[in-house]
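Colleague: This is coords_24.tsv (TSV, C-alpha atoms).
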chain	number	residue	atom	x	y	z
G	232	MET	CA	15.92	7.74	8.17
G	233	SER	CA	14.33	8.52	11.51
G	234	ILE	CA	11.22	6.52	12.30
G	235	THR	CA	8.04	8.28	13.33
G	236	LYS	CA	5.83	6.43	15.80
G	237	ALA	CA	2.32	7.88	15.89
G	238	PRO	CA	0.00	6.94	18.77
G	239	VAL	CA	-3.14	5.06	17.70
G	240	ALA	CA	-5.47	2.57	19.38
G	241	LEU	CA	-6.62	-0.95	18.58
G	242	TYR	CA	-9.62	-2.74	20.01
G	243	ASN	CA	-8.66	-5.61	22.31
G	244	VAL	CA	-11.41	-8.14	21.68
G	245	GLU	CA	-10.85	-10.23	24.82
G	246	ARG	CA	-10.86	-7.22	27.14
G	247	GLN	CA	-13.50	-5.43	25.06
G	248	ALA	CA	-11.53	-2.20	25.38
G	249	GLY	CA	-9.21	0.05	23.44
G	250	GLU	CA	-5.48	-0.51	23.76
G	251	ALA	CA	-2.65	1.91	22.99
G	252	ALA	CA	-0.73	1.10	19.82
G	253	GLU	CA	1.84	2.78	17.56
G	254	LEU	CA	1.85	3.34	13.81
G	255	TRP	CA	5.45	3.31	12.53
G	256	ASN	CA	6.33	4.81	9.14
G	257	ALA	CA	8.73	1.94	8.43
G	258	ILE	CA	9.16	-1.81	8.42
G	259	THR	CA	12.32	-2.52	10.41
G	260	ASP	CA	14.22	-5.63	11.50
G	261	GLN	CA	11.98	-5.70	14.58
G	262	GLN	CA	8.84	-6.21	12.48
G	263	LEU	CA	10.59	-8.72	10.22
G	264	ALA	CA	11.72	-10.70	13.28
G	265	ASP	CA	8.10	-10.73	14.53
G	266	TRP	CA	6.95	-11.89	11.10
G	267	GLU	CA	9.42	-14.74	11.12
G	268	ALA	CA	9.19	-15.77	14.78
G	269	LEU	CA	5.50	-15.08	15.52
G	270	TRP	CA	3.46	-14.62	12.33
G	271	GLN	CA	4.86	-17.61	10.46
G	272	PRO	CA	4.18	-20.21	13.21
G	273	SER	CA	0.66	-18.77	13.73
G	274	LEU	CA	0.02	-18.90	9.99
G	275	LEU	CA	1.16	-22.51	9.87
G	276	LEU	CA	-1.16	-23.32	12.78
G	277	ALA	CA	-4.00	-21.58	10.94
G	278	ILE	CA	-3.34	-23.55	7.76
G	279	GLN	CA	-3.28	-26.80	9.74
G	280	ARG	CA	-6.65	-25.85	11.27
G	281	LEU	CA	-8.12	-24.97	7.87
G	282	HIS	CA	-6.82	-28.25	6.49
G	283	GLY	CA	-8.25	-30.14	9.47
G	284	ALA	CA	-11.61	-28.41	9.03
G	285	LYS	CA	-11.57	-29.46	5.34
G	286	VAL	CA	-11.72	-25.85	4.17
G	287	PRO	CA	-11.08	-25.87	0.39
G	288	LEU	CA	-7.60	-24.78	-0.69
G	289	ARG	CA	-8.99	-21.80	-2.60
G	290	GLN	CA	-10.24	-20.37	0.69
G	291	TRP	CA	-6.85	-20.54	2.38
G	292	PRO	CA	-5.18	-17.13	2.77
G	293	GLN	CA	-3.50	-16.23	-0.51
G	294	SER	CA	-0.99	-14.15	1.43
G	295	ARG	CA	0.45	-17.33	2.97
G	296	HIS	CA	3.35	-17.24	0.51
G	297	TRP	CA	4.24	-13.59	1.14
G	298	ASP	CA	7.82	-13.07	2.19
G	299	TRP	CA	7.97	-9.75	4.03
G	300	ARG	CA	11.74	-9.92	4.44
G	301	ARG	CA	12.15	-10.01	0.65
G	302	LYS	CA	9.49	-7.36	0.10
G	303	ALA	CA	11.10	-5.00	2.63
G	304	ALA	CA	14.55	-5.52	1.10
G	305	SER	CA	13.25	-4.73	-2.40
G	306	ILE	CA	11.95	-1.29	-1.39
G	307	ARG	CA	14.72	-0.23	0.99
G	308	GLY	CA	15.60	3.43	0.36
G	309	MET	CA	12.96	3.85	-2.37
G	310	LEU	CA	11.03	7.12	-2.05
G	311	ALA	CA	8.22	5.68	-4.16
G	312	ASN	CA	7.46	2.96	-1.61
G	313	PRO	CA	6.50	4.23	1.83
G	314	ALA	CA	6.03	1.40	4.33
G	315	PHE	CA	4.13	1.21	7.62
G	316	SER	CA	3.83	-1.14	10.55
G	317	LEU	CA	1.44	-1.24	13.44
G	318	MET	CA	2.73	-2.18	16.88
G	319	CYS	CA	0.67	-3.16	19.92
G	320	ALA	CA	1.72	-4.93	23.13
G	321	GLY	CA	5.27	-4.88	21.76
G	322	VAL	CA	4.32	-7.06	18.79
G	323	THR	CA	3.77	-6.30	15.10
G	324	GLN	CA	0.04	-6.43	14.34
G	325	GLY	CA	0.10	-5.31	10.71
G	326	MET	CA	2.38	-4.22	7.86
G	327	MET	CA	1.82	-2.30	4.62
G	328	ILE	CA	3.84	-1.24	1.56
G	329	LEU	CA	2.59	1.53	-0.76
G	330	GLU	CA	3.55	2.65	-4.27
G	331	THR	CA	3.23	6.29	-5.27
G	332	THR	CA	4.45	6.67	-8.85
G	333	ARG	CA	3.32	4.00	-11.29
G	334	ARG	CA	-0.46	3.72	-11.04
G	335	ARG	CA	-3.24	6.02	-12.18
G	336	CYS	CA	-6.91	6.29	-11.22
G	337	ARG	CA	-9.52	4.29	-13.14
G	338	ILE	CA	-12.83	5.71	-11.81
G	339	GLU	CA	-14.23	8.05	-14.47
G	340	VAL	CA	-14.40	11.17	-12.26
G	341	GLN	CA	-10.70	10.91	-11.43
G	342	LYS	CA	-9.42	8.87	-14.38
G	343	GLY	CA	-5.71	9.33	-15.11
G	344	LYS	CA	-4.95	11.18	-11.87
G	345	ASN	CA	-2.21	10.01	-9.53
G	346	LEU	CA	-3.08	7.83	-6.59
G	347	VAL	CA	-1.41	5.90	-3.82
G	348	TYR	CA	-1.52	2.19	-4.62
G	349	VAL	CA	-1.53	-0.29	-1.75
G	350	GLU	CA	0.95	-2.94	-2.90
G	351	TYR	CA	0.78	-5.17	0.16
G	352	VAL	CA	-1.12	-5.00	3.41
G	353	GLU	CA	-1.42	-7.81	5.93
G	354	ASN	CA	-2.87	-8.28	9.36
G	355	ALA	CA	-1.15	-10.56	11.91
G	356	PRO	CA	-2.66	-14.08	11.70
G	357	TRP	CA	-4.11	-13.98	15.25
G	358	ASN	CA	-6.21	-10.94	14.30
G	359	ARG	CA	-7.93	-12.77	11.45
G	360	LYS	CA	-11.19	-14.53	12.08
G	361	GLU	CA	-11.08	-16.24	8.67
G	362	LEU	CA	-7.96	-18.07	9.87
G	363	LEU	CA	-10.11	-19.54	12.65
G	364	PHE	CA	-8.61	-17.28	15.33
G	365	ASP	CA	-12.01	-16.72	16.88
G	366	PRO	CA	-12.21	-14.36	18.61
G	367	PRO	CA	-9.36	-12.44	16.98
G	368	ARG	CA	-6.92	-10.68	19.32
G	369	TYR	CA	-7.21	-7.13	17.98
G	370	ARG	CA	-9.59	-5.31	15.67
G	371	GLY	CA	-8.94	-2.12	13.74
G	372	VAL	CA	-5.58	-2.97	12.14
G	373	GLY	CA	-6.83	-2.75	8.56
G	374	SER	CA	-8.67	0.53	9.12
G	375	ILE	CA	-5.65	2.20	10.71
G	376	LEU	CA	-3.40	1.10	7.85
G	377	MET	CA	-5.93	2.31	5.26
G	378	ARG	CA	-6.05	5.66	7.04
G	379	ALA	CA	-2.25	5.80	6.78
G	380	ALA	CA	-2.54	5.16	3.03
G	381	ILE	CA	-5.05	8.02	2.72
G	382	GLU	CA	-2.80	10.35	4.72
G	383	THR	CA	0.12	9.41	2.46
G	384	SER	CA	-2.07	10.24	-0.54
G	385	HIS	CA	-2.70	13.69	0.94
G	386	SER	CA	0.96	14.29	1.69
G	387	GLU	CA	1.83	13.32	-1.91
G	388	GLY	CA	-0.74	15.84	-3.19
G	389	PHE	CA	-3.14	13.10	-4.39
G	390	LYS	CA	-6.06	14.30	-2.25
G	391	GLY	CA	-6.85	10.99	-0.56
G	392	ARG	CA	-7.09	8.93	-3.74
G	393	ILE	CA	-5.96	5.34	-3.20
G	394	GLY	CA	-6.33	2.04	-5.06
G	395	LEU	CA	-5.58	-1.65	-4.57
G	396	HIS	CA	-6.21	-5.17	-5.78
G	397	ALA	CA	-7.84	-7.18	-3.00
G	398	LEU	CA	-7.36	-10.78	-2.05
G	399	PRO	CA	-10.83	-12.40	-2.26
G	400	GLN	CA	-11.26	-12.72	1.53
G	401	SER	CA	-10.81	-8.96	1.87
G	402	ASN	CA	-13.35	-7.76	-0.72
G	403	PRO	CA	-16.10	-7.07	1.86
G	404	PHE	CA	-13.69	-5.07	4.05
G	405	TYR	CA	-12.73	-2.69	1.24
G	406	ALA	CA	-16.28	-2.37	-0.09
G	407	ARG	CA	-18.20	-2.04	3.17
G	408	THR	CA	-15.83	-0.90	5.90
G	409	CYS	CA	-13.70	1.35	3.70
G	410	GLY	CA	-16.48	2.41	1.31
G	411	MET	CA	-14.26	2.01	-1.76
G	412	THR	CA	-15.64	1.51	-5.27
G	413	ASP	CA	-15.34	-2.08	-6.55
G	414	LEU	CA	-14.36	-1.91	-10.21
G	415	GLY	CA	-14.67	-5.67	-10.56
G	416	ALA	CA	-12.31	-8.50	-11.43
G	417	ASP	CA	-9.12	-7.40	-13.17
G	418	SER	CA	-8.09	-9.96	-15.79
G	419	ASN	CA	-4.59	-8.47	-15.81
G	420	TYR	CA	-4.21	-9.14	-12.11
G	421	LEU	CA	-5.15	-12.79	-11.49
G	422	GLY	CA	-8.83	-11.85	-11.56
G	423	MET	CA	-8.53	-10.00	-8.26
G	424	HIS	CA	-11.05	-7.21	-7.69
G	425	TYR	CA	-9.70	-3.69	-8.12
G	426	PHE	CA	-10.91	-1.16	-5.54
G	427	GLU	CA	-10.46	2.59	-5.69
G	428	MET	CA	-11.23	5.42	-3.28
G	429	THR	CA	-12.16	8.94	-4.36
G	430	PHE	CA	-11.44	12.09	-2.39
G	431	GLU	CA	-15.06	12.10	-1.18
G	432	GLN	CA	-14.93	8.46	-0.10
G	433	SER	CA	-11.67	9.08	1.75
G	434	GLU	CA	-13.25	12.02	3.59
G	435	GLU	CA	-16.22	9.84	4.59
G	436	PHE	CA	-13.90	7.07	5.78
G	437	ILE	CA	-11.82	9.46	7.89
G	438	ALA	CA	-14.94	11.12	9.29
G	439	ARG	CA	-16.32	7.73	10.41
G	440	GLY	CA	-13.06	7.12	12.25
G	441	ALA	CA	-11.00	3.95	12.37
G	442	ARG	CA	-13.62	1.51	13.52
G	443	PRO	CA	-12.94	-2.12	14.21
P	238	MET	CA	5.46	12.45	8.89
P	239	SER	CA	9.12	13.05	8.04
P	240	THR	CA	10.91	16.33	8.71
P	241	LYS	CA	11.07	18.48	5.59
P	242	ARG	CA	13.77	20.89	4.42
P	243	THR	CA	13.29	23.86	2.13
P	244	MET	CA	15.32	24.64	-1.00
P	245	THR	CA	15.22	27.35	-3.64
P	246	LEU	CA	14.90	26.21	-7.23
P	247	ASN	CA	15.87	28.48	-10.14
P	248	LEU	CA	14.05	27.70	-13.38
P	249	THR	CA	14.04	29.38	-16.80
P	250	ASP	CA	10.76	30.75	-18.13
P	251	ALA	CA	10.40	27.73	-20.40
P	252	GLU	CA	11.01	25.30	-17.54
P	253	MET	CA	8.57	27.13	-15.30
P	254	GLN	CA	5.97	27.08	-18.07
P	255	VAL	CA	6.33	23.31	-18.46
P	256	LEU	CA	6.16	22.87	-14.70
P	257	GLU	CA	2.97	24.93	-14.49
P	258	GLU	CA	1.38	23.09	-17.43
P	259	LEU	CA	2.17	19.72	-15.86
P	260	CYS	CA	0.83	20.86	-12.48
P	261	ASP	CA	-2.37	21.93	-14.18
P	262	LYS	CA	-2.70	18.70	-16.10
P	263	LYS	CA	-1.89	16.46	-13.14
P	264	ASP	CA	-3.81	18.51	-10.57
P	265	LEU	CA	-0.69	18.70	-8.39
P	266	SER	CA	1.15	21.52	-6.64
P	267	LYS	CA	4.66	22.40	-7.88
P	268	THR	CA	6.17	20.77	-4.81
P	269	ALA	CA	4.10	17.59	-5.22
P	270	LEU	CA	4.98	17.35	-8.91
P	271	LEU	CA	8.71	17.78	-8.32
P	272	ARG	CA	8.63	15.22	-5.50
P	273	GLN	CA	6.90	12.81	-7.89
P	274	ALA	CA	9.58	13.46	-10.50
P	275	LEU	CA	12.27	12.63	-7.93
P	276	ARG	CA	10.55	9.39	-6.93
P	277	LEU	CA	10.16	8.35	-10.58
P	278	TYR	CA	13.76	9.22	-11.39
P	279	GLN	CA	14.94	7.09	-8.46
P	280	VAL	CA	12.74	4.14	-9.55
P	281	VAL	CA	14.05	4.31	-13.13
P	282	GLU	CA	17.68	4.66	-12.05
P	283	SER	CA	17.42	1.81	-9.58
P	284	ARG	CA	15.89	-0.54	-12.18
P	285	LEU	CA	18.45	0.44	-14.82
P	286	GLU	CA	21.20	-0.28	-12.30
P	287	ARG	CA	19.73	-3.75	-11.85
P	288	GLY	CA	20.24	-4.31	-15.56
P	289	GLU	CA	16.64	-3.69	-16.68
P	290	LYS	CA	15.73	-1.59	-19.72
P	291	PHE	CA	13.29	1.33	-19.89
P	292	PHE	CA	10.93	1.18	-22.89
P	293	PHE	CA	7.95	2.99	-24.31
P	294	GLU	CA	5.64	0.68	-26.26
P	295	ASP	CA	3.19	1.78	-28.92
P	296	ASP	CA	-0.15	0.36	-27.83
P	297	LYS	CA	-1.24	-0.41	-31.40
P	298	THR	CA	1.92	-1.47	-33.23
P	299	LYS	CA	3.64	-2.87	-30.11
P	300	GLU	CA	6.79	-1.16	-31.39
P	301	LYS	CA	9.23	-0.51	-28.53
P	302	ALA	CA	11.57	2.42	-28.11
P	303	GLU	CA	14.21	2.30	-25.42
P	304	VAL	CA	14.55	5.43	-23.29
P	305	MET	CA	18.17	6.40	-22.81
P	306	MET	CA	18.87	7.90	-19.40
P	307	LEU	CA	21.66	10.30	-18.54
Write the structure described by the file as structure tokens, please.
Modeller:
Amino acid sequence: MSITKAPVALYNVERQAGEAAELWNAITDQQLADWEALWQPSLLLAIQRLHGAKVPLRQWPQSRHWDWRRKAASIRGMLANPAFSLMCAGVTQGMMILETTRRRCRIEVQKGKNLVYVEYVENAPWNRKELLFDPPRYRGVGSILMRAAIETSHSEGFKGRIGLHALPQSNPFYARTCGMTDLGADSNYLGMHYFEMTFEQSEEFIARGARP
Amino acid sequence: MSTKRTMTLNLTDAEMQVLEELCDKKDLSKTALLRQALRLYQVVESRLERGEKFFFEDDKTKEKAEVMML
């Protein structure tokens, strides 16, 4: 499969300016090497800082056990699982895996219709303020990846409808920044909140632009 | 984002009727519906190849019926 690299821009917090980036429609060995060599040590550093600051365990990033190498291997060649990565300054800044066949909408106005489900999405540790990287290196990673999920929804014929279960730290991002509907805690999914986006909400999100 | 190729698909009247009914019901174009079918077929095949079974379960009785795939 040939990889498409679409030009996008992230906000460099230190320089207070936009910086050219690329959205790849794949997760390749290059991203997995970054995850192993750069993300993992940063995540460990973050966990040590959280531990040192006596932050309760429940507030540590739940994604700390995610193994992107295993996740990428499990979807290799599967049409139902498009994957994306975001590159900036030659380094992976975010990764995302989608699912396009198994889930259906829950919001009443679109109940039962197909949607793109965001299986996994993660920002590089150094871009996450909650991991005590303050200031974070780049802003805008999550918004660009969500826009990619919406565009995938359109290309699948699902008219921008997307859904996901959010890790607790991310609830405000999906509710406020993305403008998704919070359908509350899902008892079938470890009590994580389920968020869904309608066609109208996706249009509003795109119209606002990918803001940091 | 990927390059797309075009193919011609010949369907019987009955098949076309089912396709149109499903498109109506699912609010999808014919192309989108057939692409979905392909994705689903690949998911099912891949899981069967891994040794998993494909069941339908009655929500009330919890009775399971295995789906046999060609």
Colleague: Excluding same-chain residues fewer than 2 positions from Glu257 (chain P), what lies within 12 Å of it counting only C-alpha atoms, as a list in words?
Modeller: Leu248, Asp250, Ala251, Glu252, Met253, Gln254, Val255, Leu259, Cys260, Asp261, Lys262, Lys263, Asp264, Leu265, Ser266, Lys267, Thr268, Ala269, Leu270 and Leu271 of chain P
Colleague: Compare P:Glu289, P:Glu282, P:Asp295, P:Glu258 by their minimum atom-to-atom distance to chain G, counting all atoms listed in the file, and give me the closest one.
Modeller: P:Glu282
Colleague: One decimal, in Å: what's the spacing between CA of Leu362 (chain G) and CA of Trp266 (chain G)?
Modeller: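 Interatomic distance, CA of Leu362 (chain G) to CA of Trp266 (chain G): 16.2 Å.
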Colleague: Would you compute the box with edges along x, y and z of the file around region 339-349 of chain G, including every atom the file lists for it and 5 Å extra on each side, and give its centre and edge lengths in Å to one decimal, as JSON?
Modeller:
{"center_x": -7.9, "center_y": 5.4, "center_z": -8.4, "size_x": 23.0, "size_y": 21.5, "size_z": 23.4}
Colleague: May I have the residues within 6 Å of Leu254 (chain G) as a tab-separated table (two decimals) with C-alpha atoms, in the frame of the given file, using all atoms listed in the file and disregarding those fewer than 3 positions away in the same chain?
Modeller:
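The result, stored in part35.tsv:
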chain	number	residue	atom	x	y	z
G	236	LYS	CA	5.83	6.43	15.80
G	237	ALA	CA	2.32	7.88	15.89
G	316	SER	CA	3.83	-1.14	10.55
G	317	LEU	CA	1.44	-1.24	13.44
Colleague: What is the CA of Met318 (chain G) to CA of Pro367 (chain G) distance in Å?
Modeller: 15.9 Å
Colleague: Rank nothing, just name the residue among G:Val239, G:Ile234, G:Val349, G:Met423 nearest to chain P, using all atoms listed in the file.
Modeller: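 Between G:Val239, G:Ile234, G:Val349, G:Met423, the residue approaching chain P most closely is G:Ile234.
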Colleague: In Å, how far is it from CA of Thr235 (chain G) to CA of Arg300 (chain G)?
Modeller: 20.6 Å
Colleague: Would you list which chain G residues are within 8 Å of chain P using all atoms listed in the file, as a PyMOL selection string?
Modeller: chain G and resi 233+235+256+309-311+331-332+344-345+387-389
Colleague: Extract region 258-270 of chain G from the coordinates I pasted, and write it as a JSON list (two decimals), in the first residue's frame (atoms kept: all heavy atoms).
Modeller:
[["chain", "number", "residue", "atom", "x", "y", "z"],
["G", 258, "ILE", "N", 0.44, 3.55, 9.98],
["G", 258, "ILE", "CA", 1.41, 3.46, 11.08],
["G", 258, "ILE", "C", 2.47, 2.47, 10.60],
["G", 258, "ILE", "O", 2.17, 1.30, 10.37],
["G", 258, "ILE", "CB", 0.74, 2.96, 12.38],
["G", 258, "ILE", "CG1", -0.26, 4.01, 12.89],
["G", 258, "ILE", "CG2", 1.79, 2.68, 13.46],
["G", 258, "ILE", "CD1", -1.09, 3.55, 14.09],
["G", 259, "THR", "N", 3.67, 2.97, 10.39],
["G", 259, "THR", "CA", 4.74, 2.16, 9.81],
["G", 259, "THR", "C", 5.79, 1.83, 10.87],
["G", 259, "THR", "O", 5.70, 2.27, 12.02],
["G", 259, "THR", "CB", 5.42, 2.91, 8.65],
["G", 259, "THR", "OG1", 6.19, 3.99, 9.21],
["G", 259, "THR", "CG2", 4.41, 3.49, 7.67],
["G", 260, "ASP", "N", 6.82, 1.12, 10.45],
["G", 260, "ASP", "CA", 7.93, 0.79, 11.37],
["G", 260, "ASP", "C", 8.58, 2.06, 11.93],
["G", 260, "ASP", "O", 9.07, 2.07, 13.05],
["G", 260, "ASP", "CB", 8.99, -0.05, 10.65],
["G", 260, "ASP", "CG", 8.53, -1.49, 10.48],
["G", 260, "ASP", "OD1", 7.56, -1.88, 11.17],
["G", 260, "ASP", "OD2", 9.12, -2.21, 9.67],
["G", 261, "GLN", "N", 8.54, 3.14, 11.11],
["G", 261, "GLN", "CA", 9.15, 4.39, 11.58],
["G", 261, "GLN", "C", 8.42, 4.92, 12.83],
["G", 261, "GLN", "O", 9.05, 5.33, 13.81],
["G", 261, "GLN", "CB", 9.09, 5.45, 10.46],
["G", 261, "GLN", "CG", 9.80, 6.73, 10.83],
["G", 261, "GLN", "CD", 9.80, 7.74, 9.70],
["G", 261, "GLN", "OE1", 9.52, 7.42, 8.54],
["G", 261, "GLN", "NE2", 10.08, 9.00, 10.03],
["G", 262, "GLN", "N", 7.10, 4.90, 12.79],
["G", 262, "GLN", "CA", 6.32, 5.38, 13.94],
["G", 262, "GLN", "C", 6.51, 4.43, 15.14],
["G", 262, "GLN", "O", 6.61, 4.87, 16.29],
["G", 262, "GLN", "CB", 4.83, 5.46, 13.59],
["G", 262, "GLN", "CG", 4.46, 6.68, 12.76],
["G", 262, "GLN", "CD", 4.79, 6.50, 11.30],
["G", 262, "GLN", "OE1", 4.58, 5.42, 10.75],
["G", 262, "GLN", "NE2", 5.32, 7.54, 10.67],
["G", 263, "LEU", "N", 6.54, 3.13, 14.85],
["G", 263, "LEU", "CA", 6.68, 2.17, 15.94],
["G", 263, "LEU", "C", 8.06, 2.28, 16.60],
["G", 263, "LEU", "O", 8.19, 2.12, 17.82],
["G", 263, "LEU", "CB", 6.43, 0.74, 15.43],
["G", 263, "LEU", "CG", 5.00, 0.52, 14.92],
["G", 263, "LEU", "CD1", 4.86, -0.87, 14.32],
["G", 263, "LEU", "CD2", 3.97, 0.73, 16.01],
["G", 264, "ALA", "N", 9.06, 2.61, 15.79],
["G", 264, "ALA", "CA", 10.41, 2.82, 16.35],
["G", 264, "ALA", "C", 10.40, 4.08, 17.23],
["G", 264, "ALA", "O", 11.00, 4.08, 18.33],
["G", 264, "ALA", "CB", 11.43, 2.96, 15.23],
["G", 265, "ASP", "N", 9.72, 5.13, 16.79],
["G", 265, "ASP", "CA", 9.60, 6.35, 17.62],
["G", 265, "ASP", "C", 8.89, 6.04, 18.93],
["G", 265, "ASP", "O", 9.28, 6.53, 19.99],
["G", 265, "ASP", "CB", 8.81, 7.44, 16.87],
["G", 265, "ASP", "CG", 9.63, 8.15, 15.81],
["G", 265, "ASP", "OD1", 10.86, 7.93, 15.78],
["G", 265, "ASP", "OD2", 9.05, 8.90, 15.01],
["G", 266, "TRP", "N", 7.82, 5.24, 18.81],
["G", 266, "TRP", "CA", 7.06, 4.88, 20.02],
["G", 266, "TRP", "C", 7.98, 4.17, 21.03],
["G", 266, "TRP", "O", 7.97, 4.50, 22.22],
["G", 266, "TRP", "CB", 5.88, 3.98, 19.62],
["G", 266, "TRP", "CG", 5.21, 3.35, 20.81],
["G", 266, "TRP", "CD1", 4.41, 3.96, 21.73],
["G", 266, "TRP", "CD2", 5.32, 1.99, 21.23],
["G", 266, "TRP", "NE1", 4.01, 3.07, 22.68],
["G", 266, "TRP", "CE2", 4.56, 1.85, 22.41],
["G", 266, "TRP", "CE3", 5.99, 0.87, 20.72],
["G", 266, "TRP", "CZ2", 4.44, 0.63, 23.09],
["G", 266, "TRP", "CZ3", 5.88, -0.34, 21.40],
["G", 266, "TRP", "CH2", 5.11, -0.45, 22.56],
["G", 267, "GLU", "N", 8.77, 3.25, 20.51],
["G", 267, "GLU", "CA", 9.61, 2.46, 21.40],
["G", 267, "GLU", "C", 10.80, 3.28, 21.94],
["G", 267, "GLU", "O", 11.10, 3.24, 23.13],
["G", 267, "GLU", "CB", 10.13, 1.23, 20.64],
["G", 267, "GLU", "CG", 10.16, -0.02, 21.48],
["G", 267, "GLU", "CD", 10.23, -1.27, 20.62],
["G", 267, "GLU", "OE1", 9.26, -1.54, 19.91],
["G", 267, "GLU", "OE2", 11.25, -1.95, 20.68],
["G", 268, "ALA", "N", 11.43, 4.03, 21.03],
["G", 268, "ALA", "CA", 12.68, 4.71, 21.42],
["G", 268, "ALA", "C", 12.45, 6.07, 22.07],
["G", 268, "ALA", "O", 13.29, 6.53, 22.86],
["G", 268, "ALA", "CB", 13.57, 4.88, 20.19],
["G", 269, "LEU", "N", 11.34, 6.74, 21.72],
["G", 269, "LEU", "CA", 11.13, 8.11, 22.22],
["G", 269, "LEU", "C", 9.91, 8.23, 23.15],
["G", 269, "LEU", "O", 9.99, 8.86, 24.19],
["G", 269, "LEU", "CB", 10.98, 9.07, 21.03],
["G", 269, "LEU", "CG", 12.13, 9.05, 20.02],
["G", 269, "LEU", "CD1", 11.81, 9.92, 18.81],
["G", 269, "LEU", "CD2", 13.42, 9.52, 20.68],
["G", 270, "TRP", "N", 8.78, 7.65, 22.73],
["G", 270, "TRP", "CA", 7.57, 7.78, 23.55],
["G", 270, "TRP", "C", 7.73, 7.05, 24.88],
["G", 270, "TRP", "O", 7.39, 7.58, 25.93],
["G", 270, "TRP", "CB", 6.34, 7.19, 22.83],
["G", 270, "TRP", "CG", 5.80, 7.99, 21.70],
["G", 270, "TRP", "CD1", 6.51, 8.76, 20.83],
["G", 270, "TRP", "CD2", 4.43, 8.10, 21.30],
["G", 270, "TRP", "NE1", 5.66, 9.33, 19.90],
["G", 270, "TRP", "CE2", 4.39, 8.94, 20.17],
["G", 270, "TRP", "CE3", 3.24, 7.56, 21.78],
["G", 270, "TRP", "CZ2", 3.20, 9.25, 19.51],
["G", 270, "TRP", "CZ3", 2.05, 7.86, 21.13],
["G", 270, "TRP", "CH2", 2.03, 8.71, 20.01]]
